[in-house]
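**Student:** As input, take coords-v2.pdb (PDB, C-alpha atoms):
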ATOM      1  CA  MET B   1     -62.243  86.496  63.682
ATOM      2  CA  ILE B   2     -60.788  89.993  63.192
ATOM      3  CA  THR B   3     -61.333  91.336  59.672
ATOM      4  CA  ARG B   4     -58.838  93.342  57.611
ATOM      5  CA  ARG B   5     -61.129  96.362  57.925
ATOM      6  CA  GLU B   6     -60.932  96.134  61.728
ATOM      7  CA  LEU B   7     -57.171  95.773  61.550
ATOM      8  CA  LEU B   8     -56.685  98.709  59.165
ATOM      9  CA  PRO B   9     -55.950 101.426  61.774
ATOM     10  CA  THR B  10     -53.231  99.231  63.241
ATOM     11  CA  LEU B  11     -51.870  98.306  59.822
ATOM     12  CA  LEU B  12     -51.617 101.935  58.761
ATOM     13  CA  ALA B  13     -49.626 102.711  61.892
ATOM     14  CA  LEU B  14     -46.984 100.162  60.926
ATOM     15  CA  PRO B  15     -44.091 100.794  58.572
ATOM     16  CA  ALA B  16     -45.291  99.862  55.087
ATOM     17  CA  ALA B  17     -42.793  97.025  54.730
ATOM     18  CA  ALA B  18     -44.158  95.428  57.901
ATOM     19  CA  ARG B  19     -47.733  95.215  56.692
ATOM     20  CA  PRO B  20     -48.954  91.818  55.529
ATOM     21  CA  ARG B  21     -48.856  91.181  51.804
ATOM     22  CA  PRO B  22     -52.070  89.806  50.312
ATOM     23  CA  ALA B  23     -51.797  86.056  49.946
ATOM     24  CA  GLY B  24     -51.234  84.401  46.604
ATOM     25  CA  THR B  25     -49.970  85.515  43.226
ATOM     26  CA  ILE B  26     -50.016  89.254  42.535
ATOM     27  CA  VAL B  27     -49.720  90.628  39.005
ATOM     28  CA  GLU B  28     -49.758  94.337  38.249
ATOM     29  CA  SER B  29     -51.535  94.513  34.890
ATOM     30  CA  HIS B  30     -51.288  98.280  34.389
ATOM     31  CA  VAL B  31     -48.170 100.289  35.190
ATOM     32  CA  HIS B  32     -46.782 103.251  33.245
ATOM     33  CA  LEU B  33     -43.019 103.800  33.440
ATOM     34  CA  PHE B  34     -41.426 107.132  32.534
ATOM     35  CA  ALA B  35     -37.670 107.541  32.328
ATOM     36  CA  GLY B  36     -37.494 111.260  33.043
ATOM     37  CA  ASP B  37     -34.311 111.117  30.989
ATOM     38  CA  PRO B  38     -33.440 113.012  27.772
ATOM     39  CA  ALA B  39     -32.228 109.694  26.359
ATOM     40  CA  PHE B  40     -35.896 108.684  26.196
ATOM     41  CA  PRO B  41     -37.708 111.876  25.156
ATOM     42  CA  TYR B  42     -41.444 112.306  25.079
ATOM     43  CA  ALA B  43     -43.102 112.789  21.715
ATOM     44  CA  PRO B  44     -43.523 116.372  20.456
ATOM     45  CA  ASN B  45     -47.306 115.813  20.418
ATOM     46  CA  ALA B  46     -47.458 114.071  23.803
ATOM     47  CA  PRO B  47     -50.935 114.565  25.303
ATOM     48  CA  TYR B  48     -49.485 115.173  28.760
ATOM     49  CA  THR B  49     -46.159 115.479  30.587
ATOM     50  CA  PRO B  50     -45.905 112.961  33.434
ATOM     51  CA  GLN B  51     -43.817 112.877  36.546
ATOM     52  CA  PRO B  52     -40.873 110.462  36.213
ATOM     53  CA  ASN B  53     -41.472 106.891  37.316
ATOM     54  CA  PRO B  54     -38.260 105.241  36.170
ATOM     55  CA  LEU B  55     -37.507 101.553  35.927
ATOM     56  CA  GLU B  56     -35.044 101.528  38.812
ATOM     57  CA  LYS B  57     -37.480 103.094  41.248
ATOM     58  CA  TYR B  58     -40.295 100.810  40.186
ATOM     59  CA  VAL B  59     -38.161  97.672  40.473
ATOM     60  CA  ALA B  60     -37.279  98.591  44.069
ATOM     61  CA  PHE B  61     -40.976  98.984  44.857
ATOM     62  CA  ALA B  62     -41.957  95.757  43.084
ATOM     63  CA  LYS B  63     -39.400  93.809  45.108
ATOM     64  CA  ALA B  64     -40.527  95.376  48.386
ATOM     65  CA  ALA B  65     -44.173  94.621  47.560
ATOM     66  CA  ALA B  66     -43.254  91.083  46.416
ATOM     67  CA  LEU B  67     -45.069  91.452  43.104
ATOM     68  CA  ASP B  68     -44.829  88.361  40.941
ATOM     69  CA  HIS B  69     -45.097  90.088  37.557
ATOM     70  CA  ALA B  70     -46.087  93.357  35.926
ATOM     71  CA  VAL B  71     -47.397  94.508  32.561
ATOM     72  CA  ILE B  72     -45.921  97.809  31.391
ATOM     73  CA  VAL B  73     -48.674  99.678  29.576
ATOM     74  CA  HIS B  74     -46.812 101.798  27.042
ATOM     75  CA  PRO B  75     -48.004 105.349  27.786
ATOM     76  CA  GLU B  76     -49.178 108.121  25.488
ATOM     77  CA  PRO B  77     -46.333 110.598  26.176
ATOM     78  CA  TYR B  78     -44.005 108.316  24.205
ATOM     79  CA  GLN B  79     -46.590 107.807  21.422
ATOM     80  CA  ASP B  80     -45.251 105.098  19.052
ATOM     81  CA  ASP B  81     -41.636 105.360  20.234
ATOM     82  CA  HIS B  82     -41.168 102.140  22.231
ATOM     83  CA  ARG B  83     -37.487 102.520  23.106
ATOM     84  CA  TYR B  84     -38.102 102.919  26.832
ATOM     85  CA  LEU B  85     -40.454  99.949  26.906
ATOM     86  CA  GLU B  86     -37.773  97.887  25.170
ATOM     87  CA  HIS B  87     -35.163  99.168  27.616
ATOM     88  CA  CYS B  88     -37.342  98.028  30.519
ATOM     89  CA  LEU B  89     -37.848  94.587  28.982
ATOM     90  CA  ASP B  90     -34.096  94.296  28.487
ATOM     91  CA  HIS B  91     -33.313  95.337  32.077
ATOM     92  CA  GLU B  92     -36.055  93.621  34.063
ATOM     93  CA  PRO B  93     -35.371  92.522  37.645
ATOM     94  CA  SER B  94     -35.697  88.813  36.822
ATOM     95  CA  PRO B  95     -36.241  86.844  33.612
ATOM     96  CA  GLY B  96     -39.829  87.145  32.435
ATOM     97  CA  PHE B  97     -40.883  89.615  35.130
ATOM     98  CA  PHE B  98     -42.267  92.166  32.672
ATOM     99  CA  LYS B  99     -44.495  92.047  29.655
ATOM    100  CA  GLY B 100     -45.696  95.106  27.771
ATOM    101  CA  THR B 101     -48.296  96.660  25.531
ATOM    102  CA  CYS B 102     -47.682  98.750  22.443
ATOM    103  CA  LEU B 103     -49.231 101.890  20.979
ATOM    104  CA  TYR B 104     -49.549 102.390  17.230
ATOM    105  CA  ASP B 105     -52.050 104.228  15.089
ATOM    106  CA  PRO B 106     -54.681 101.501  14.585
ATOM    107  CA  ILE B 107     -55.755 102.790  11.162
ATOM    108  CA  ALA B 108     -52.274 103.508   9.749
ATOM    109  CA  PRO B 109     -51.382 101.122   6.917
ATOM    110  CA  GLU B 110     -47.921 100.447   8.351
ATOM    111  CA  THR B 111     -49.184  99.453  11.810
ATOM    112  CA  PRO B 112     -49.560  95.679  11.233
ATOM    113  CA  ALA B 113     -45.947  95.433  10.064
ATOM    114  CA  ARG B 114     -44.691  97.612  12.927
ATOM    115  CA  MET B 115     -46.505  95.485  15.514
ATOM    116  CA  GLU B 116     -44.972  92.378  13.996
ATOM    117  CA  ALA B 117     -41.459  93.837  14.038
ATOM    118  CA  LEU B 118     -41.733  94.818  17.712
ATOM    119  CA  SER B 119     -43.146  91.429  18.637
ATOM    120  CA  LYS B 120     -40.336  89.649  16.809
ATOM    121  CA  ARG B 121     -37.721  91.696  18.666
ATOM    122  CA  HIS B 122     -39.278  90.608  21.963
ATOM    123  CA  PRO B 123     -40.850  87.192  21.422
ATOM    124  CA  GLY B 124     -43.726  86.515  23.804
ATOM    125  CA  ARG B 125     -43.269  89.807  25.634
ATOM    126  CA  ILE B 126     -45.658  92.160  23.807
ATOM    127  CA  VAL B 127     -49.143  91.202  24.916
ATOM    128  CA  ALA B 128     -51.536  93.867  23.615
ATOM    129  CA  LEU B 129     -52.121  96.865  21.382
ATOM    130  CA  ARG B 130     -53.707  99.708  23.331
ATOM    131  CA  ILE B 131     -56.360 101.799  21.595
ATOM    132  CA  HIS B 132     -57.706 105.077  23.010
ATOM    133  CA  GLU B 133     -61.284 106.104  22.184
ATOM    134  CA  MET B 134     -61.822 109.103  24.442
ATOM    135  CA  HIS B 135     -63.371 111.887  22.352
ATOM    136  CA  ALA B 136     -66.648 113.284  23.567
ATOM    137  CA  PRO B 137     -69.773 111.662  22.143
ATOM    138  CA  GLY B 138     -70.880 113.442  19.006
ATOM    139  CA  THR B 139     -67.435 114.767  18.158
ATOM    140  CA  PRO B 140     -65.612 113.487  15.063
ATOM    141  CA  SER B 141     -62.946 110.818  15.049
ATOM    142  CA  LEU B 142     -59.377 111.841  14.285
ATOM    143  CA  ALA B 143     -57.433 110.617  11.274
ATOM    144  CA  SER B 144     -54.076 112.094  12.293
ATOM    145  CA  GLY B 145     -52.303 113.755  15.189
ATOM    146  CA  PRO B 146     -51.833 112.080  18.575
ATOM    147  CA  ILE B 147     -52.626 108.370  18.523
ATOM    148  CA  LYS B 148     -56.162 108.408  19.871
ATOM    149  CA  ASP B 149     -59.791 108.702  18.821
ATOM    150  CA  ARG B 150     -59.495 106.919  15.502
ATOM    151  CA  ASP B 151     -62.624 105.743  13.690
ATOM    152  CA  MET B 152     -63.565 102.358  15.149
ATOM    153  CA  ARG B 153     -65.517 101.588  11.968
ATOM    154  CA  ASP B 154     -62.624 102.273   9.590
ATOM    155  CA  PRO B 155     -61.829  99.040   7.672
ATOM    156  CA  ALA B 156     -58.183  99.476   8.682
ATOM    157  CA  MET B 157     -59.222  99.077  12.341
ATOM    158  CA  ARG B 158     -60.499  95.582  11.624
ATOM    159  CA  ARG B 159     -57.274  94.692   9.777
ATOM    160  CA  THR B 160     -55.242  95.842  12.783
ATOM    161  CA  TRP B 161     -57.381  93.771  15.168
ATOM    162  CA  GLN B 162     -56.913  90.741  12.937
ATOM    163  CA  LYS B 163     -53.148  91.257  12.821
ATOM    164  CA  ALA B 164     -53.024  91.582  16.602
ATOM    165  CA  TYR B 165     -54.767  88.223  16.866
ATOM    166  CA  ASP B 166     -52.360  86.661  14.355
ATOM    167  CA  LEU B 167     -49.456  87.875  16.511
ATOM    168  CA  GLY B 168     -51.026  86.614  19.753
ATOM    169  CA  LEU B 169     -51.780  90.128  21.008
ATOM    170  CA  ALA B 170     -54.904  91.316  22.766
ATOM    171  CA  ILE B 171     -56.647  94.592  22.032
ATOM    172  CA  GLN B 172     -56.588  96.796  25.134
ATOM    173  CA  MET B 173     -59.344  99.399  24.973
ATOM    174  CA  HIS B 174     -59.141 102.649  26.927
ATOM    175  CA  PHE B 175     -62.482 104.208  26.136
ATOM    176  CA  LEU B 176     -65.534 106.116  27.223
ATOM    177  CA  PRO B 177     -68.538 103.840  27.805
ATOM    178  CA  TYR B 178     -70.314 105.505  24.873
ATOM    179  CA  TYR B 179     -68.090 103.525  22.499
ATOM    180  CA  ALA B 180     -68.993 100.090  23.841
ATOM    181  CA  PRO B 181     -71.358  99.348  20.902
ATOM    182  CA  GLN B 182     -68.562 100.016  18.415
ATOM    183  CA  ILE B 183     -66.288  97.649  20.339
ATOM    184  CA  ALA B 184     -69.120  95.114  20.249
ATOM    185  CA  GLU B 185     -69.293  95.363  16.450
ATOM    186  CA  LEU B 186     -65.638  94.397  16.185
ATOM    187  CA  CYS B 187     -66.034  91.640  18.783
ATOM    188  CA  ALA B 188     -68.916  90.203  16.770
ATOM    189  CA  THR B 189     -66.823  90.234  13.603
ATOM    190  CA  LEU B 190     -63.638  88.963  15.280
ATOM    191  CA  PRO B 191     -64.798  86.969  18.327
ATOM    192  CA  GLN B 192     -61.458  85.169  18.540
ATOM    193  CA  VAL B 193     -59.662  88.392  19.513
ATOM    194  CA  THR B 194     -58.992  88.930  23.218
ATOM    195  CA  VAL B 195     -60.179  92.365  24.361
ATOM    196  CA  ILE B 196     -59.263  94.023  27.664
ATOM    197  CA  LEU B 197     -61.422  96.882  28.935
ATOM    198  CA  ASP B 198     -59.310  99.349  30.915
ATOM    199  CA  HIS B 199     -60.253 101.118  34.135
ATOM    200  CA  LEU B 200     -63.669  99.535  34.773
ATOM    201  CA  ALA B 201     -64.565 100.931  31.332
ATOM    202  CA  ARG B 202     -64.525 104.378  32.992
ATOM    203  CA  ALA B 203     -68.140 103.613  33.842
ATOM    204  CA  GLY B 204     -68.615 106.829  35.793
ATOM    205  CA  GLN B 205     -68.019 108.852  32.624
ATOM    206  CA  GLY B 206     -71.052 107.570  30.775
ATOM    207  CA  THR B 207     -74.791 107.226  31.148
ATOM    208  CA  PRO B 208     -76.558 104.247  32.744
ATOM    209  CA  ALA B 209     -77.458 103.122  29.214
ATOM    210  CA  ASP B 210     -73.784 103.299  28.227
ATOM    211  CA  PHE B 211     -72.874 101.105  31.186
ATOM    212  CA  GLU B 212     -75.470  98.540  30.137
ATOM    213  CA  ASN B 213     -73.763  98.420  26.747
ATOM    214  CA  VAL B 214     -70.438  97.841  28.486
ATOM    215  CA  LEU B 215     -71.927  94.923  30.391
ATOM    216  CA  ARG B 216     -73.255  93.455  27.143
ATOM    217  CA  LEU B 217     -69.648  93.008  26.025
ATOM    218  CA  ALA B 218     -69.415  90.172  28.547
ATOM    219  CA  LYS B 219     -71.333  87.935  26.145
ATOM    220  CA  TYR B 220     -68.104  87.670  24.143
ATOM    221  CA  PRO B 221     -66.025  85.120  26.081
ATOM    222  CA  ARG B 222     -62.682  86.706  25.137
ATOM    223  CA  VAL B 223     -63.530  90.095  26.693
ATOM    224  CA  TYR B 224     -61.920  90.857  30.077
ATOM    225  CA  MET B 225     -62.504  93.735  32.490
ATOM    226  CA  LYS B 226     -59.602  95.451  34.211
ATOM    227  CA  TYR B 227     -60.263  96.476  37.789
ATOM    228  CA  SER B 228     -58.284  99.729  37.823
ATOM    229  CA  GLY B 229     -58.914 103.445  37.575
ATOM    230  CA  VAL B 230     -61.550 103.300  40.306
ATOM    231  CA  GLU B 231     -61.293 107.075  40.675
ATOM    232  CA  TYR B 232     -63.014 107.527  37.302
ATOM    233  CA  SER B 233     -66.219 106.010  38.666
ATOM    234  CA  PRO B 234     -67.751 107.643  41.768
ATOM    235  CA  ASN B 235     -69.616 105.202  43.990
ATOM    236  CA  PRO B 236     -67.789 102.201  42.497
ATOM    237  CA  LYS B 237     -69.180  99.516  44.817
ATOM    238  CA  PRO B 238     -72.397  98.792  42.862
ATOM    239  CA  LEU B 239     -70.489  99.025  39.555
ATOM    240  CA  VAL B 240     -67.923  96.502  40.753
ATOM    241  CA  ARG B 241     -70.643  94.128  41.913
ATOM    242  CA  ARG B 242     -72.459  94.252  38.580
ATOM    243  CA  ILE B 243     -69.204  93.766  36.681
ATOM    244  CA  TYR B 244     -68.333  90.788  38.872
ATOM    245  CA  ASP B 245     -71.785  89.245  38.450
ATOM    246  CA  THR B 246     -71.703  89.796  34.674
ATOM    247  CA  PHE B 247     -68.112  88.963  33.705
ATOM    248  CA  GLY B 248     -67.413  86.467  36.481
ATOM    249  CA  ALA B 249     -64.346  86.202  38.679
ATOM    250  CA  GLY B 250     -62.377  84.539  35.882
ATOM    251  CA  ARG B 251     -62.460  87.552  33.558
ATOM    252  CA  ILE B 252     -61.354  90.375  35.845
ATOM    253  CA  ILE B 253     -57.717  91.433  36.252
ATOM    254  CA  TRP B 254     -56.149  93.940  38.650
ATOM    255  CA  GLY B 255     -54.190  97.009  37.620
ATOM    256  CA  THR B 256     -52.747 100.288  38.894
ATOM    257  CA  LEU B 257     -51.434  98.849  42.170
ATOM    258  CA  GLY B 258     -49.333 101.931  42.899
ATOM    259  CA  ASN B 259     -45.651 102.815  42.887
ATOM    260  CA  THR B 260     -45.014 102.907  46.633
ATOM    261  CA  LEU B 261     -45.794 100.531  49.475
ATOM    262  CA  GLU B 262     -48.277 103.019  50.881
ATOM    263  CA  GLN B 263     -50.145 103.193  47.573
ATOM    264  CA  PHE B 264     -50.033  99.425  47.216
ATOM    265  CA  ASP B 265     -51.483  98.933  50.678
ATOM    266  CA  LYS B 266     -54.279 101.386  49.873
ATOM    267  CA  GLN B 267     -55.091  99.588  46.632
ATOM    268  CA  SER B 268     -55.023  96.176  48.326
ATOM    269  CA  THR B 269     -57.390  97.368  51.025
ATOM    270  CA  GLN B 270     -59.694  98.903  48.441
ATOM    271  CA  LEU B 271     -59.857  95.656  46.480
ATOM    272  CA  ASP B 272     -60.818  93.742  49.621
ATOM    273  CA  ASP B 273     -63.458  96.357  50.467
ATOM    274  CA  LEU B 274     -65.029  96.545  47.015
ATOM    275  CA  PHE B 275     -64.955  92.769  46.538
ATOM    276  CA  ASP B 276     -65.886  91.868  50.102
ATOM    277  CA  PHE B 277     -68.797  89.834  48.735
ATOM    278  CA  ALA B 278     -66.468  87.583  46.706
ATOM    279  CA  PRO B 279     -64.927  84.346  48.010
ATOM    280  CA  ALA B 280     -61.230  84.346  48.796
ATOM    281  CA  GLN B 281     -60.473  82.201  45.749
ATOM    282  CA  SER B 282     -62.216  84.689  43.455
ATOM    283  CA  ARG B 283     -60.188  87.549  44.878
ATOM    284  CA  ALA B 284     -57.047  85.482  44.359
ATOM    285  CA  GLN B 285     -58.010  85.109  40.693
ATOM    286  CA  ILE B 286     -58.453  88.860  40.348
ATOM    287  CA  ARG B 287     -55.190  89.699  42.152
ATOM    288  CA  GLY B 288     -53.057  87.650  39.812
ATOM    289  CA  LEU B 289     -54.142  84.179  38.729
ATOM    290  CA  ASN B 290     -56.256  85.470  35.836
ATOM    291  CA  ALA B 291     -53.439  87.701  34.594
ATOM    292  CA  MET B 292     -50.923  84.865  34.833
ATOM    293  CA  LYS B 293     -53.059  82.885  32.405
ATOM    294  CA  LEU B 294     -54.206  85.753  30.199
ATOM    295  CA  PHE B 295     -50.683  87.097  29.613
ATOM    296  CA  SER B 296     -48.965  83.690  29.606
ATOM    297  CA  PHE B 297     -46.507  84.470  32.402
TER
END
Can you dump the structure from the file as structure tokens?

**Tutor:**
Amino acid sequence: MITRRELLPTLLALPAAARPRPAGTIVESHVHLFAGDPAFPYAPNAPYTPQPNPLEKYVAFAKAAALDHAVIVHPEPYQDDHRYLEHCLDHEPSPGFFKGTCLYDPIAPETPARMEALSKRHPGRIVALRIHEMHAPGTPSLASGPIKDRDMRDPAMRRTWQKAYDLGLAIQMHFLPYYAPQIAELCATLPQVTVILDHLARAGQGTPADFENVLRLAKYPRVYMKYSGVEYSPNPKPLVRRIYDTFGAGRIIWGTLGNTLEQFDKQSTQLDDLFDFAPAQSRAQIRGLNAMKLFSF
């Protein structure tokens, strides 16, 4: 039997639209959309200025790639202005195609009420609050400024996690592995809260001991790992295997599938290569079945 790896040179020579789509349900669990339009301006304190990736362009790609669903991860350049996310939800290619995450200051006293208001405007469509914990180990947390690097041990953080649970939202952590123990403290206090670890927990940006602490989060049954951001972890194959063995096939979701057919094909091939040890059914779970259940599509 000819493997996909053996077929790859031939596949890459074909027009992208002619290449075979991976079988089964495919859910993109991590896409950022940027209008590139003055009607949806970036925040004055945006941490970076992205290239446009507007809704219309992405919808054309999603149809060509035959994606079943996608989760729009509200990006930092918009900070807590969710107008473009709401625009995308209101103009999706088919009913229920998109769901989205939100970004609010997790220690601000008004955040629980703001999360509730957004969720009520879009019932069942906001699935997580994203929290960024990316400051270098040993540096202080921030109490103001761009929405990132807040104190994970602030009592307000726990109140926000509890409110997210009450609203049916997960907590989506984008973090350096160093902060895994602080996430664990909250998981121990609020084990009912679903937690999603972005980008393979950026395992390549921490020490081996940090990565062991990331793996210890798997003992909490509501913690999921997102297979995405592979570029943040050099030599990802052994990391992926340990994550798979620790979290299990049922708690890994796939994200950052690309915005073109060429990128999508590359990401699909990479998934098959890095998970070549996993049965076909397990890879089908990772490609979309887990996300269908987790996000209630």

**Student:** Could you give me, as JSON lines, a per-residue list for region 131-168 of chain B showing, wherever an atom lies at most 10 Å from an atom of region 67-80 of chain B, the closest pair of atoms and their distance in Å to one decimal, using only C-alpha atoms and sorting by chain then residue number from low to high?

**Tutor:**
{"residue": "B:His132", "atom": "CA", "partner": "B:Glu76", "partner_atom": "CA", "distance": 9.4}
{"residue": "B:Pro146", "atom": "CA", "partner": "B:Gln79", "partner_atom": "CA", "distance": 7.3}
{"residue": "B:Ile147", "atom": "CA", "partner": "B:Gln79", "partner_atom": "CA", "distance": 6.7}
{"residue": "B:Lys148", "atom": "CA", "partner": "B:Glu76", "partner_atom": "CA", "distance": 9.0}

**Student:** Take the PyMOL selection byres ((chain B and resi 237-247) around 6), apply it to the structure above, and return the hits as a VMD selection string.

**Tutor:** chain B and resid 218 235 to 236 248 251 274

**Student:** In Å to one decimal, how far is CA of Ala203 (chain B) from CA of Ser233 (chain B)?

**Tutor:**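 So the answer is 5.7 Å.
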
**Student:** Give me the result of the PyMOL selection byres ((chain B and resi 163-168) around 8) on this file, residue by residue, as a ChimeraX atom specification.

**Tutor:** /B:112,115-116,119,127-129,159-162,169-171,192-194

**Student:** Measure the distance from CA of Gly24 (chain B) to CA of Ala284 (chain B) in Å and round it to one decimal.

**Tutor:**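 So the answer is 6.3 Å.
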
**Student:** Which one is closest to Thr189 (chain B): B:Tyr220, B:Tyr42, B:Phe61, B:Phe211? Count only C-alpha atoms.

**Tutor:**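 Among the listed residues, B:Tyr220 lies closest to Thr189 (chain B).
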
**Student:** Spell out the residues picked by the PyMOL selection byres ((chain B and resi 152) around 12) here, as a PyMOL selection string.

**Tutor:** chain B and resi 105-107+131-135+140-143+148-151+153-161+173+175+179-187

**Student:** For Gln172 (chain B), which residue among B:Ala64, B:His91, B:Ala201, B:Pro50 is the nearest when counting all atoms listed in the file?

**Tutor:**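 Under the stated criterion, the closest residue is B:Ala201.
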